[in-house]
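Text of my_file-v8.cif (mmCIF, C-alpha atoms) as supplied:
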```cif
data_work
loop_
_atom_site.label_atom_id
_atom_site.label_comp_id
_atom_site.auth_asym_id
_atom_site.auth_seq_id
_atom_site.Cartn_x
_atom_site.Cartn_y
_atom_site.Cartn_z
CA MET A 1320 1.73 8.06 47.93
CA PHE A 1321 1.92 11.46 49.64
CA PRO A 1322 5.33 13.19 49.61
CA GLU A 1323 5.35 13.39 53.45
CA THR A 1324 4.85 9.63 53.77
CA ALA A 1325 7.65 8.90 51.33
CA GLN A 1326 10.00 11.21 53.23
CA CYS A 1327 9.26 9.47 56.54
CA LEU A 1328 9.91 6.05 55.01
CA LYS A 1329 13.24 7.19 53.63
CA MET A 1330 14.29 8.52 57.10
CA ALA A 1331 13.35 5.18 58.67
CA ALA A 1332 15.34 3.17 56.14
CA PRO A 1333 18.32 2.34 58.51
CA LEU A 1334 15.92 0.53 60.89
CA PHE A 1335 14.88 -2.06 58.26
CA PRO A 1336 16.78 -4.61 56.20
CA HIS A 1337 17.95 -2.93 52.99
CA THR A 1338 16.51 -5.47 50.56
CA VAL A 1339 13.12 -5.65 52.26
CA PHE A 1340 12.82 -1.88 52.46
CA LEU A 1341 13.52 -1.33 48.78
CA LYS A 1342 11.10 -4.08 47.80
CA ASP A 1343 8.25 -2.69 49.91
CA LEU A 1344 8.93 0.89 48.98
CA SER A 1345 8.87 0.08 45.29
CA ARG A 1346 5.41 -1.41 45.73
CA LEU A 1347 4.07 1.58 47.62
CA SER A 1348 5.48 4.33 45.43
CA THR A 1349 3.08 5.84 42.92
CA HIS A 1350 5.93 6.47 40.49
CA GLY A 1351 7.22 2.91 40.70
CA ALA A 1352 10.60 4.03 42.09
CA ALA A 1353 12.18 4.47 45.50
CA GLY A 1354 15.13 6.81 45.82
CA CYS A 1355 17.66 5.89 43.19
CA LEU A 1356 16.04 2.50 42.36
CA GLN A 1357 15.57 2.20 38.63
CA ALA A 1358 12.10 0.90 37.74
CA ARG A 1359 9.37 1.42 35.18
CA ARG A 1360 5.60 1.33 35.37
CA HIS A 1361 3.63 -1.54 33.90
CA PHE A 1362 0.10 -0.57 32.90
CA GLY A 1363 -1.79 -3.78 33.47
CA VAL A 1364 -4.18 -5.56 35.80
CA SER A 1365 -1.59 -7.58 37.69
CA ARG A 1366 -0.36 -6.75 41.21
CA SER A 1367 3.16 -6.08 39.96
CA LEU A 1368 3.36 -2.36 39.36
CA THR A 1369 7.02 -2.02 38.57
CA GLY A 1370 9.78 -3.96 36.91
CA LYS A 1371 13.49 -3.46 37.37
CA VAL A 1372 15.48 -2.51 34.31
CA LEU A 1373 18.97 -3.94 34.43
CA PRO A 1374 21.71 -1.70 33.08
CA PRO A 1375 23.21 -2.80 29.76
CA ARG A 1376 26.25 -4.98 30.09
CA LYS A 1377 29.39 -3.23 28.93
CA PRO A 1378 31.64 -5.23 26.63
CA ARG A 1379 35.00 -6.13 28.10
CA GLU A 1380 37.81 -4.17 26.57
CA THR A 1381 40.83 -6.08 25.33
CA VAL A 1382 44.10 -4.38 26.19
CA ALA A 1383 46.95 -4.98 23.75
CA ILE A 1384 50.44 -4.37 25.16
CA PRO A 1385 53.18 -4.10 22.56
CA GLY A 1386 55.84 -6.80 22.95
CA LEU A 1387 53.71 -9.07 25.14
CA GLU A 1388 51.88 -12.12 23.85
CA MET A 1389 48.76 -13.25 25.61
CA VAL A 1390 48.70 -16.80 26.94
CA THR A 1391 45.47 -18.42 25.75
CA TYR A 1392 43.87 -21.83 26.09
CA GLY A 1393 43.82 -22.30 22.31
CA GLU A 1394 46.50 -25.00 22.35
CA ILE A 1395 44.85 -27.17 24.99
CA MET A 1396 41.47 -26.69 23.20
CA HIS A 1397 39.38 -26.27 26.34
CA TYR A 1398 38.68 -23.54 28.85
CA ALA A 1399 41.19 -23.09 31.63
CA PRO A 1400 40.96 -20.52 34.45
CA GLY A 1401 43.51 -17.75 34.24
CA LEU A 1402 44.12 -18.14 30.52
CA ALA A 1403 42.79 -15.68 27.96
CA LYS A 1404 40.21 -16.52 25.32
CA PRO A 1405 41.87 -17.11 21.94
CA ALA A 1406 40.99 -14.83 19.02
CA ASN A 1407 40.15 -17.20 16.20
CA PRO A 1408 39.94 -15.97 12.60
CA HIS A 1409 36.48 -15.86 10.97
CA TRP A 1410 35.71 -19.17 9.31
CA GLU A 1411 34.16 -18.98 5.88
CA ARG A 1412 32.43 -21.91 4.24
CA ASP A 1413 33.64 -23.12 0.89
CA TYR A 1414 30.00 -23.66 -0.14
CA LYS A 1415 26.86 -21.51 -0.17
CA ASP A 1416 24.46 -22.02 2.72
CA PRO A 1417 21.35 -19.81 2.50
CA ARG A 1418 20.60 -20.34 6.20
CA HIS A 1419 23.85 -18.61 7.21
CA TYR A 1420 24.04 -15.95 4.49
CA ARG A 1421 25.34 -12.52 5.46
CA SER A 1422 24.72 -9.71 3.05
CA PRO A 1423 27.67 -7.44 2.32
CA PRO A 1424 27.58 -3.79 3.39
CA THR A 1425 25.36 -1.55 1.29
CA GLN A 1426 28.30 0.36 -0.16
CA GLU A 1427 29.89 -2.89 -1.41
CA MET A 1428 26.85 -4.18 -3.28
CA PRO A 1429 27.16 -4.25 -7.11
CA LEU A 1430 23.98 -2.16 -7.63
CA TYR A 1431 24.89 0.52 -5.10
CA LYS A 1432 24.66 4.09 -6.38
CA GLU A 1433 25.36 7.41 -4.72
CA LYS A 1434 22.23 9.03 -6.13
CA PRO A 1435 19.10 7.75 -4.35
CA CYS A 1436 15.96 6.41 -5.97
CA TYR A 1437 12.50 7.04 -4.51
CA VAL A 1438 10.24 3.98 -4.63
CA TYR A 1439 6.46 3.93 -4.41
CA ASN A 1440 5.06 0.52 -3.39
CA GLN A 1441 1.68 -0.89 -2.40
CA ARG A 1442 2.13 0.20 1.23
CA THR A 1443 3.28 3.76 0.62
CA ASN A 1444 1.25 6.25 2.65
CA ALA A 1445 1.74 9.48 0.69
CA LEU A 1446 1.20 12.54 2.85
CA GLU A 1447 -0.41 14.76 0.21
CA GLY A 1448 -2.45 11.96 -1.36
CA VAL A 1449 -3.81 12.60 -4.84
CA ARG A 1450 -2.09 15.99 -5.15
CA GLN A 1451 1.28 14.33 -4.64
CA ALA A 1452 0.48 11.50 -7.07
CA VAL A 1453 -0.68 13.98 -9.71
CA TRP A 1454 2.56 15.96 -9.42
CA LEU A 1455 4.77 12.86 -9.55
CA THR A 1456 3.05 11.62 -12.71
CA LYS A 1457 2.75 15.08 -14.37
CA THR A 1458 -1.00 14.68 -14.69
CA LYS A 1459 -4.01 16.95 -15.05
CA LEU A 1460 -6.77 16.00 -12.60
CA ILE A 1461 -10.36 16.12 -13.89
CA SER A 1462 -13.29 15.62 -11.54
CA GLY A 1463 -15.88 13.05 -12.62
CA LEU A 1464 -15.83 10.38 -15.30
CA PRO A 1465 -15.91 11.19 -19.05
CA PRO A 1466 -19.50 11.56 -20.35
CA GLN A 1467 -18.89 9.20 -23.28
CA LEU A 1468 -18.07 6.43 -20.82
CA LEU A 1469 -21.14 6.99 -18.66
CA SER A 1470 -23.38 6.83 -21.71
CA LEU A 1471 -22.33 3.20 -22.34
CA ALA A 1472 -24.34 1.89 -19.39
CA GLU A 1473 -27.44 3.95 -20.27
CA ARG A 1474 -28.20 2.02 -23.46
CA PRO A 1475 -30.77 -0.75 -22.91
CA THR A 1476 -28.71 -3.22 -24.98
CA ASN A 1477 -25.78 -2.84 -22.56
CA GLN A 1478 -27.78 -3.47 -19.39
CA ILE A 1479 -28.25 -6.72 -17.49
CA PRO A 1480 -31.78 -8.22 -17.33
CA ASP A 1481 -33.36 -7.28 -13.99
CA GLN A 1482 -30.20 -5.32 -13.28
CA ASP A 1483 -31.22 -3.59 -10.05
CA GLU A 1484 -32.65 -6.75 -8.52
CA GLN A 1485 -29.57 -8.81 -9.34
CA VAL A 1486 -27.20 -6.17 -7.96
CA GLN A 1487 -29.17 -6.00 -4.71
CA ASN A 1488 -29.02 -9.78 -4.45
CA ALA A 1489 -25.26 -9.60 -4.95
CA ILE A 1490 -25.00 -7.11 -2.09
CA LYS A 1491 -27.20 -9.25 0.16
CA HIS A 1492 -25.11 -12.31 -0.65
CA ALA A 1493 -21.92 -10.51 0.38
CA ARG A 1494 -23.36 -8.95 3.53
CA PHE A 1495 -25.89 -11.53 4.79
CA TRP A 1496 -25.85 -14.88 3.03
CA ASP A 1497 -22.12 -15.59 2.78
CA THR A 1498 -21.38 -15.40 6.50
CA THR A 1499 -22.69 -16.58 9.85
CA GLU A 1500 -21.47 -13.47 11.69
CA ASP A 1501 -23.68 -10.58 12.71
CA ARG A 1502 -21.20 -8.12 11.28
CA PRO A 1503 -18.58 -9.59 8.90
CA GLY A 1504 -15.33 -7.75 8.27
CA LYS A 1505 -14.85 -5.38 5.37
CA GLN A 1506 -12.12 -7.53 3.88
CA LYS A 1507 -14.49 -10.50 3.57
CA TYR A 1508 -17.65 -8.89 2.26
CA GLY A 1509 -15.73 -6.36 0.13
CA ASN A 1510 -13.94 -9.15 -1.74
CA THR A 1511 -17.16 -11.15 -2.13
CA LEU A 1512 -19.10 -8.13 -3.42
CA LEU A 1513 -16.41 -7.25 -5.96
CA PHE A 1514 -16.40 -10.72 -7.47
CA ASN A 1515 -20.20 -10.83 -7.44
CA LEU A 1516 -20.39 -7.59 -9.46
CA LEU A 1517 -17.73 -8.81 -11.89
CA HIS A 1518 -19.68 -12.03 -12.36
CA LEU A 1519 -22.82 -10.04 -13.16
CA CYS A 1520 -20.95 -7.95 -15.74
CA ALA A 1521 -19.53 -11.11 -17.34
CA THR A 1522 -23.06 -12.34 -18.10
CA LEU A 1523 -23.11 -9.81 -20.99
CA GLN A 1524 -20.50 -11.81 -22.91
CA PRO A 1525 -23.03 -13.47 -25.30
CA SER A 1526 -24.11 -10.03 -26.56
CA HIS A 1527 -20.60 -8.54 -26.31
CA PRO A 1528 -18.08 -11.13 -27.61
CA ALA A 1529 -15.11 -8.80 -26.96
CA ILE A 1530 -15.48 -9.52 -23.23
CA GLY A 1531 -14.19 -13.03 -23.94
CA ARG A 1532 -10.85 -11.56 -25.02
CA ARG A 1533 -9.98 -10.66 -21.42
CA ILE A 1534 -8.48 -12.47 -18.45
CA PHE A 1535 -7.83 -11.73 -14.78
CA ALA A 1536 -4.36 -11.71 -13.26
CA GLU A 1537 -3.46 -11.55 -9.59
CA LYS A 1538 -0.23 -11.18 -7.59
CA TYR A 1539 1.90 -10.02 -10.49
CA SER A 1540 4.95 -7.82 -9.90
CA LEU A 1541 5.10 -4.43 -11.59
CA ALA A 1542 8.07 -2.10 -12.10
CA ALA A 1543 8.26 1.27 -13.86
CA THR A 1544 10.99 3.92 -13.81
CA TRP A 1545 10.91 7.60 -14.75
CA ARG A 1546 12.66 10.87 -13.96
CA ARG A 1547 10.90 13.88 -12.49
CA GLY A 1548 13.19 16.87 -12.40
CA GLU A 1549 16.56 15.70 -11.09
CA ASP A 1550 15.15 12.79 -9.07
CA LEU A 1551 14.63 9.19 -10.10
CA PHE A 1552 11.33 7.50 -9.21
CA GLN A 1553 10.09 3.94 -9.42
CA VAL A 1554 6.82 2.14 -8.80
CA ARG A 1555 7.40 -1.42 -7.69
CA GLY A 1556 5.39 -4.16 -6.05
CA GLN A 1557 2.12 -6.02 -6.33
CA ASN A 1558 -1.16 -4.17 -6.71
CA GLY A 1559 -4.74 -5.37 -6.88
CA LEU A 1560 -6.63 -7.60 -9.29
CA LEU A 1561 -5.79 -6.80 -12.92
CA HIS A 1562 -8.14 -7.27 -15.85
CA ASN A 1563 -5.99 -7.83 -18.93
CA CYS A 1564 -7.14 -7.61 -22.52
CA MET A 1565 -5.91 -8.65 -25.95
CA ASP A 1566 -6.80 -5.27 -27.40
CA PRO A 1567 -5.84 -1.86 -25.97
CA LEU A 1568 -8.44 0.52 -24.62
CA PRO A 1569 -9.37 3.40 -26.94
CA GLU A 1570 -8.19 6.85 -25.92
CA VAL A 1571 -10.70 9.01 -24.06
CA SER A 1572 -9.41 12.45 -25.12
CA GLY A 1573 -8.80 13.54 -28.67
CA LYS A 1574 -5.66 15.17 -30.03
CA GLN A 1575 -6.95 18.69 -29.48
CA GLU A 1576 -7.80 18.02 -25.83
CA VAL A 1577 -4.38 16.46 -25.34
CA ALA A 1578 -2.70 19.52 -26.87
CA ASP A 1579 -4.69 21.81 -24.55
CA THR A 1580 -3.13 20.16 -21.49
CA ALA A 1581 0.11 22.05 -22.23
CA ASP A 1582 -1.51 25.19 -20.75
CA HIS A 1583 -2.37 23.44 -17.49
CA VAL A 1584 -0.29 24.47 -14.47
CA LEU A 1585 0.54 21.68 -12.02
CA GLU A 1586 -0.41 22.32 -8.41
CA THR A 1587 2.50 22.37 -5.98
CA PHE A 1588 2.49 21.81 -2.21
CA TYR A 1589 5.60 23.73 -1.21
CA PRO A 1590 7.31 23.52 1.33
CA VAL A 1591 6.44 19.81 1.46
CA SER A 1592 8.85 17.76 -0.66
CA PRO A 1593 7.24 15.79 -3.53
CA ASN A 1594 9.15 12.64 -2.52
CA ILE A 1595 7.94 12.67 1.08
CA ASP A 1596 6.94 9.23 2.46
CA LEU A 1597 8.51 7.45 -0.52
CA GLN A 1598 11.09 4.77 0.19
CA LYS A 1599 14.63 6.08 -0.37
CA VAL A 1600 17.00 3.38 -1.64
CA HIS A 1601 20.57 3.35 -2.92
CA VAL A 1602 20.64 -0.24 -4.22
CA TYR A 1603 18.52 -0.47 -7.36
CA LYS A 1604 18.53 -1.05 -11.10
CA GLU A 1605 18.40 2.23 -12.92
CA LYS A 1606 16.44 1.08 -15.97
CA VAL A 1607 13.87 -1.42 -14.79
CA ASN A 1608 10.53 -1.55 -16.60
CA CYS A 1609 8.41 -4.67 -16.38
CA SER A 1610 4.68 -5.14 -16.77
CA GLY A 1611 4.85 -8.40 -14.83
CA PHE A 1612 4.30 -10.65 -17.88
CA ARG A 1613 6.44 -12.18 -20.59
CA GLY A 1614 6.78 -10.59 -23.98
CA ASP A 1615 4.68 -13.28 -25.70
CA TYR A 1616 1.80 -13.02 -23.20
CA PRO A 1617 -1.44 -13.04 -25.23
CA TYR A 1618 -3.12 -10.46 -22.96
CA PRO A 1619 -0.54 -7.67 -22.82
CA HIS A 1620 -2.82 -4.64 -22.34
CA ALA A 1621 -4.03 -3.57 -18.90
CA HIS A 1622 -7.76 -2.85 -18.93
CA THR A 1623 -8.90 -2.22 -15.33
CA LEU A 1624 -7.26 -2.52 -11.92
CA TYR A 1625 -9.48 -3.48 -8.98
CA PHE A 1626 -8.35 -2.46 -5.49
CA LEU A 1627 -9.74 -3.47 -2.10
CA GLU A 1628 -9.26 -0.85 0.57
CA ASP A 1629 -8.74 -3.37 3.38
CA ALA A 1630 -6.94 -6.07 1.42
CA ASP A 1631 -3.77 -5.77 3.52
CA ALA A 1632 -4.53 -6.01 7.24
CA ARG A 1633 -1.03 -4.76 8.14
CA CYS A 1634 -1.35 -1.58 6.06
CA LYS A 1635 -4.54 0.45 6.17
CA LEU A 1636 -4.61 3.59 4.06
CA ARG A 1637 -6.92 6.54 4.44
CA PRO A 1638 -9.26 7.27 1.49
CA GLU A 1639 -7.06 10.07 0.13
CA GLN A 1640 -3.94 7.90 0.22
CA PHE A 1641 -5.91 4.97 -1.20
CA ARG A 1642 -6.88 7.07 -4.23
CA ALA A 1643 -3.25 8.14 -4.63
CA LYS A 1644 -2.28 4.47 -4.75
CA MET A 1645 -4.81 3.92 -7.52
CA VAL A 1646 -3.37 6.82 -9.53
CA MET A 1647 0.23 5.66 -9.12
CA PHE A 1648 -0.34 2.03 -10.10
CA SER A 1649 -2.58 2.94 -13.04
CA PHE A 1650 0.17 5.27 -14.25
CA ALA A 1651 2.83 2.59 -13.71
CA ASN A 1652 0.92 0.01 -15.77
CA ALA A 1653 0.50 2.51 -18.60
CA LEU A 1654 4.14 3.65 -18.41
CA ALA A 1655 5.49 0.09 -18.46
CA ARG A 1656 3.41 -0.60 -21.57
CA ALA A 1657 4.58 2.64 -23.21
CA HIS A 1658 8.22 1.74 -22.60
CA LYS A 1659 7.55 -1.64 -24.19
CA LEU A 1660 6.00 -0.05 -27.31
CA TYR A 1661 7.99 3.17 -27.75
CA GLY A 1662 11.23 2.50 -25.86
CA THR A 1663 12.62 4.06 -22.72
CA GLN A 1664 13.57 7.36 -24.34
CA PRO A 1665 11.19 10.18 -23.30
CA GLN A 1666 8.45 10.82 -25.85
CA ARG A 1667 6.92 14.30 -25.89
CA VAL A 1668 3.60 13.06 -27.32
CA LEU A 1669 2.61 9.42 -27.79
CA ASP A 1670 1.20 8.54 -31.19
CA ARG A 1671 -1.52 6.57 -29.47
CA PRO A 1672 -2.20 7.41 -25.82
CA ILE A 1673 -2.44 4.50 -23.40
CA THR A 1674 -5.55 4.25 -21.23
CA VAL A 1675 -5.84 2.30 -17.97
CA GLN A 1676 -8.84 2.22 -15.62
CA ALA A 1677 -9.06 1.55 -11.89
CA VAL A 1678 -11.84 0.77 -9.42
CA GLY A 1679 -11.40 0.80 -5.65
CA THR A 1680 -13.90 -0.21 -3.00
CA ASN A 1681 -14.28 -1.08 0.66
CA GLY A 1682 -17.53 -3.00 0.14
CA ARG A 1683 -19.83 0.04 0.19
CA ILE A 1684 -18.02 3.12 -1.16
CA PHE A 1685 -16.46 3.03 -4.64
CA GLN A 1686 -13.68 5.05 -6.29
CA PHE A 1687 -13.64 5.23 -10.10
CA LEU A 1688 -10.59 6.33 -12.09
CA VAL A 1689 -9.56 6.57 -15.74
CA PHE A 1690 -5.93 7.37 -16.55
CA GLN A 1691 -4.65 8.36 -19.99
CA LEU A 1692 -0.90 8.47 -20.60
CA ASN A 1693 -0.16 11.13 -23.24
CA THR A 1694 3.58 11.63 -22.73
CA THR A 1695 6.60 9.93 -21.19
CA ASP A 1696 8.63 13.15 -20.99
CA LEU A 1697 8.06 13.74 -17.29
CA SER A 1698 11.21 15.61 -16.28
CA GLY A 1699 9.84 19.17 -16.53
CA ASP A 1700 6.56 20.87 -15.64
CA ASP A 1701 5.96 22.28 -19.10
CA GLY A 1702 4.63 20.59 -22.21
CA ILE A 1703 1.94 17.96 -22.64
CA LYS A 1704 0.42 16.54 -19.45
CA ASN A 1705 -1.20 13.21 -18.74
CA GLN A 1706 -4.88 13.10 -17.78
CA VAL A 1707 -6.81 11.39 -15.01
CA TRP A 1708 -10.56 11.38 -14.41
CA LEU A 1709 -11.52 10.66 -10.80
CA ASP A 1710 -14.95 10.09 -9.30
CA ASP A 1711 -14.46 9.55 -5.59
CA ASP A 1712 -16.57 8.42 -2.62
CA VAL A 1713 -19.52 7.04 -4.58
CA GLU A 1714 -21.86 5.04 -2.34
CA LEU A 1715 -23.49 1.86 -3.63
CA TYR A 1716 -25.92 1.68 -0.69
CA ASP A 1717 -26.48 3.36 2.65
CA PHE A 1718 -26.97 0.52 5.14
CA ALA A 1719 -26.93 -3.26 5.28
CA LYS A 1720 -28.10 -4.33 8.73
CA VAL A 1721 -28.70 -7.82 10.05
CA ARG A 1722 -30.67 -6.32 12.91
CA PRO A 1723 -32.54 -3.01 12.87
CA LEU A 1724 -30.98 0.04 14.52
CA ILE A 1725 -33.36 1.16 17.28
CA LYS A 1726 -32.96 4.35 19.29
CA LYS A 1727 -35.49 5.59 21.83
CA LYS A 1728 -37.89 2.83 20.82
CA GLN A 1729 -37.87 4.05 17.22
CA VAL A 1730 -36.47 2.17 14.24
CA LYS A 1731 -33.85 4.45 12.75
CA VAL A 1732 -32.49 1.95 10.19
CA PRO A 1733 -34.54 -1.12 9.22
CA ALA A 1734 -33.02 -4.57 8.89
CA GLY A 1735 -31.80 -5.57 5.47
CA LEU A 1736 -30.51 -3.49 2.59
CA ALA A 1737 -31.42 0.21 2.60
CA GLY A 1738 -30.56 3.11 0.33
CA TYR A 1739 -29.50 1.23 -2.80
CA LYS A 1740 -28.18 3.60 -5.51
CA PRO A 1741 -28.35 2.13 -9.02
CA GLU A 1742 -26.25 4.87 -10.65
CA THR A 1743 -23.15 3.58 -8.86
CA PHE A 1744 -23.35 0.18 -10.50
CA SER A 1745 -23.98 1.90 -13.84
CA LYS A 1746 -20.55 3.53 -13.53
CA PHE A 1747 -19.03 0.18 -12.61
CA LEU A 1748 -20.67 -1.42 -15.65
CA ALA A 1749 -19.59 1.42 -17.94
CA LEU A 1750 -15.93 0.93 -17.08
CA TYR A 1751 -16.30 -2.82 -17.57
CA LEU A 1752 -17.88 -2.40 -21.04
CA HIS A 1753 -15.33 0.18 -22.17
CA GLY A 1754 -13.55 -1.27 -25.17
CA ALA A 1755 -16.12 -4.04 -25.73
CA VAL A 1756 -18.91 -1.92 -27.24
#
```

For this file, write the structure as structure tokens.
Amino acid sequence: MFPETAQCLKMAAPLFPHTVFLKDLSRLSTHGAAGCLQARRHFGVSRSLTGKVLPPRKPRETVAIPGLEMVTYGEIMHYAPGLAKPANPHWERDYKDPRHYRSPPTQEMPLYKEKPCYVYNQRTNALEGVRQAVWLTKTKLISGLPPQLLSLAERPTNQIPDQDEQVQNAIKHARFWDTTEDRPGKQKYGNTLLFNLLHLCATLQPSHPAIGRRIFAEKYSLAATWRRGEDLFQVRGQNGLLHNCMDPLPEVSGKQEVADTADHVLETFYPVSPNIDLQKVHVYKEKVNCSGFRGDYPYPHAHTLYFLEDADARCKLRPEQFRAKMVMFSFANALARAHKLYGTQPQRVLDRPITVQAVGTNGRIFQFLVFQLNTTDLSGDDGIKNQVWLDDDVELYDFAKVRPLIKKKQVKVPAGLAGYKPETFSKFLALYLHGAV
């Protein structure tokens, strides 16, 4: 509406009924308001452009006059005009009813502490990503996987018969044969592809009997606690699919390489706080360390963690934050095991480092990680550091199209699987065979 038209309508307001004028003017106004009428704009396809917002109702104040007693209808037990509402004391049940439970204030809880604890869970979206995870875990970041691991998949005795053909069939099954949709979601075909690849790797069990000493675990709860500087940190929650083993993984770095990590300087990201985006809590157990399994569990050692990038539809992490999640949960599994073996007191150098692997994927791009816990003394920046090897954004294939991609009457991408890269599955197989060869 033009400003001149609105001004004319306001001048002509006394000639019209008040309610009709405000109703019509609210429909005509481009801002959804007429004069002092409170309204808000609704962005939709309906004819109603505005909606009135009623002011909040103010609670009625109770006036207490000393020496005067209010006459209420409490004695007659029903409402009576002119009598005040009785103030009844709060009734508490003499039994526990979980449907009507009210938690006490935070300050009155038994586990309340003045000093906060910073919690990293499966939905934490760390701002600095891997750099933040590396600083929190006092870890030295190494690009690429260790050469001795990659050499495991190059031996002919460790390869699957018709390996490339079977892997391509696994990809086609996840993308084409296991769905009736033209373009299935990443969560569906990513989960199917991961289990297909694990099934292919498990076919090597007759020639590698140590593979039979493993088991998968899902939806287990993990908890690990450590101090970094003056702050207390915890990793809690459920992570991805865990491959457990009866025997621990051998260490990747020797004693000399572990000793050389003392000269490494951790990268800082000042002025950003290291605990940014972590959950700050005041109600917590100070010494909680749990691998998620009982003490007599026959598969106590974590072998490899498998993460799906789109496993949680309500929490989608960017690739950098997804890799940070892999680092943190691999570290937490190793730290929980170290506390079980060596106690909760900080150890400058572990007699036998603890190694945990991790693989993350979205159904096409893979992230490979190997974490080695060398020390549990994480308070300062000096001394021995932990180590992590990270190979990120490794593509298994380029395209998987149900229909060809045609532009300007030219086929840009043919239908079917295109751009398969066998070296990616070799890395996947190498991590799977680690500890079984």

request  = Using all atoms listed in the file, determine which residues lie at most 10 Å from range 1456-1473 of chain A, disregarding the query and same-chain residues fewer than 5 positions distant; provide the list as a PyMOL selection string.
outcome  = chain A and resi 1449-1451+1478-1479+1545-1547+1552+1571-1572+1580-1581+1583-1586+1646-1647+1650-1651+1654+1687-1711+1742+1744-1754+1756

Output C-alpha atoms for every residue in the selection just made, as an mmCIF file, in the frame of the given file.
```cif
data_model
loop_
_atom_site.group_PDB
_atom_site.id
_atom_site.type_symbol
_atom_site.label_atom_id
_atom_site.label_comp_id
_atom_site.auth_asym_id
_atom_site.auth_seq_id
_atom_site.Cartn_x
_atom_site.Cartn_y
_atom_site.Cartn_z
ATOM 1 C CA VAL A 1449 -3.810 12.600 -4.840
ATOM 2 C CA ARG A 1450 -2.090 15.990 -5.150
ATOM 3 C CA GLN A 1451 1.280 14.330 -4.640
ATOM 4 C CA GLN A 1478 -27.780 -3.470 -19.390
ATOM 5 C CA ILE A 1479 -28.250 -6.720 -17.490
ATOM 6 C CA TRP A 1545 10.910 7.600 -14.750
ATOM 7 C CA ARG A 1546 12.660 10.870 -13.960
ATOM 8 C CA ARG A 1547 10.900 13.880 -12.490
ATOM 9 C CA PHE A 1552 11.330 7.500 -9.210
ATOM 10 C CA VAL A 1571 -10.700 9.010 -24.060
ATOM 11 C CA SER A 1572 -9.410 12.450 -25.120
ATOM 12 C CA THR A 1580 -3.130 20.160 -21.490
ATOM 13 C CA ALA A 1581 0.110 22.050 -22.230
ATOM 14 C CA HIS A 1583 -2.370 23.440 -17.490
ATOM 15 C CA VAL A 1584 -0.290 24.470 -14.470
ATOM 16 C CA LEU A 1585 0.540 21.680 -12.020
ATOM 17 C CA GLU A 1586 -0.410 22.320 -8.410
ATOM 18 C CA VAL A 1646 -3.370 6.820 -9.530
ATOM 19 C CA MET A 1647 0.230 5.660 -9.120
ATOM 20 C CA PHE A 1650 0.170 5.270 -14.250
ATOM 21 C CA ALA A 1651 2.830 2.590 -13.710
ATOM 22 C CA LEU A 1654 4.140 3.650 -18.410
ATOM 23 C CA PHE A 1687 -13.640 5.230 -10.100
ATOM 24 C CA LEU A 1688 -10.590 6.330 -12.090
ATOM 25 C CA VAL A 1689 -9.560 6.570 -15.740
ATOM 26 C CA PHE A 1690 -5.930 7.370 -16.550
ATOM 27 C CA GLN A 1691 -4.650 8.360 -19.990
ATOM 28 C CA LEU A 1692 -0.900 8.470 -20.600
ATOM 29 C CA ASN A 1693 -0.160 11.130 -23.240
ATOM 30 C CA THR A 1694 3.580 11.630 -22.730
ATOM 31 C CA THR A 1695 6.600 9.930 -21.190
ATOM 32 C CA ASP A 1696 8.630 13.150 -20.990
ATOM 33 C CA LEU A 1697 8.060 13.740 -17.290
ATOM 34 C CA SER A 1698 11.210 15.610 -16.280
ATOM 35 C CA GLY A 1699 9.840 19.170 -16.530
ATOM 36 C CA ASP A 1700 6.560 20.870 -15.640
ATOM 37 C CA ASP A 1701 5.960 22.280 -19.100
ATOM 38 C CA GLY A 1702 4.630 20.590 -22.210
ATOM 39 C CA ILE A 1703 1.940 17.960 -22.640
ATOM 40 C CA LYS A 1704 0.420 16.540 -19.450
ATOM 41 C CA ASN A 1705 -1.200 13.210 -18.740
ATOM 42 C CA GLN A 1706 -4.880 13.100 -17.780
ATOM 43 C CA VAL A 1707 -6.810 11.390 -15.010
ATOM 44 C CA TRP A 1708 -10.560 11.380 -14.410
ATOM 45 C CA LEU A 1709 -11.520 10.660 -10.800
ATOM 46 C CA ASP A 1710 -14.950 10.090 -9.300
ATOM 47 C CA ASP A 1711 -14.460 9.550 -5.590
ATOM 48 C CA GLU A 1742 -26.250 4.870 -10.650
ATOM 49 C CA PHE A 1744 -23.350 0.180 -10.500
ATOM 50 C CA SER A 1745 -23.980 1.900 -13.840
ATOM 51 C CA LYS A 1746 -20.550 3.530 -13.530
ATOM 52 C CA PHE A 1747 -19.030 0.180 -12.610
ATOM 53 C CA LEU A 1748 -20.670 -1.420 -15.650
ATOM 54 C CA ALA A 1749 -19.590 1.420 -17.940
ATOM 55 C CA LEU A 1750 -15.930 0.930 -17.080
ATOM 56 C CA TYR A 1751 -16.300 -2.820 -17.570
ATOM 57 C CA LEU A 1752 -17.880 -2.400 -21.040
ATOM 58 C CA HIS A 1753 -15.330 0.180 -22.170
ATOM 59 C CA GLY A 1754 -13.550 -1.270 -25.170
ATOM 60 C CA VAL A 1756 -18.910 -1.920 -27.240
#
```

task = For the structure provided, state which residues fall under the PyMOL selection byres ((chain A and resi 1508-1523) around 10), and present them as a ChimeraX atom specification.
result = /A:1476-1480,1482,1485-1486,1488-1495,1497-1498,1502-1507,1524-1528,1530-1531,1625-1630,1678-1684,1744,1747-1749,1751-1752

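Closest approach to Pro1435 in chain A among A:Leu1660, A:Ala1632, A:Val1721, A:Leu1551 is made by A:Leu1551 (distances from only C-alpha atoms).
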
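This file, queried with the PyMOL selection byres ((chain A and resi 1434) around 9), gives the residues Tyr1431, Lys1432, Glu1433, Pro1435, Cys1436, Asp1550, Leu1551, Val1600 and His1601 of chain A.
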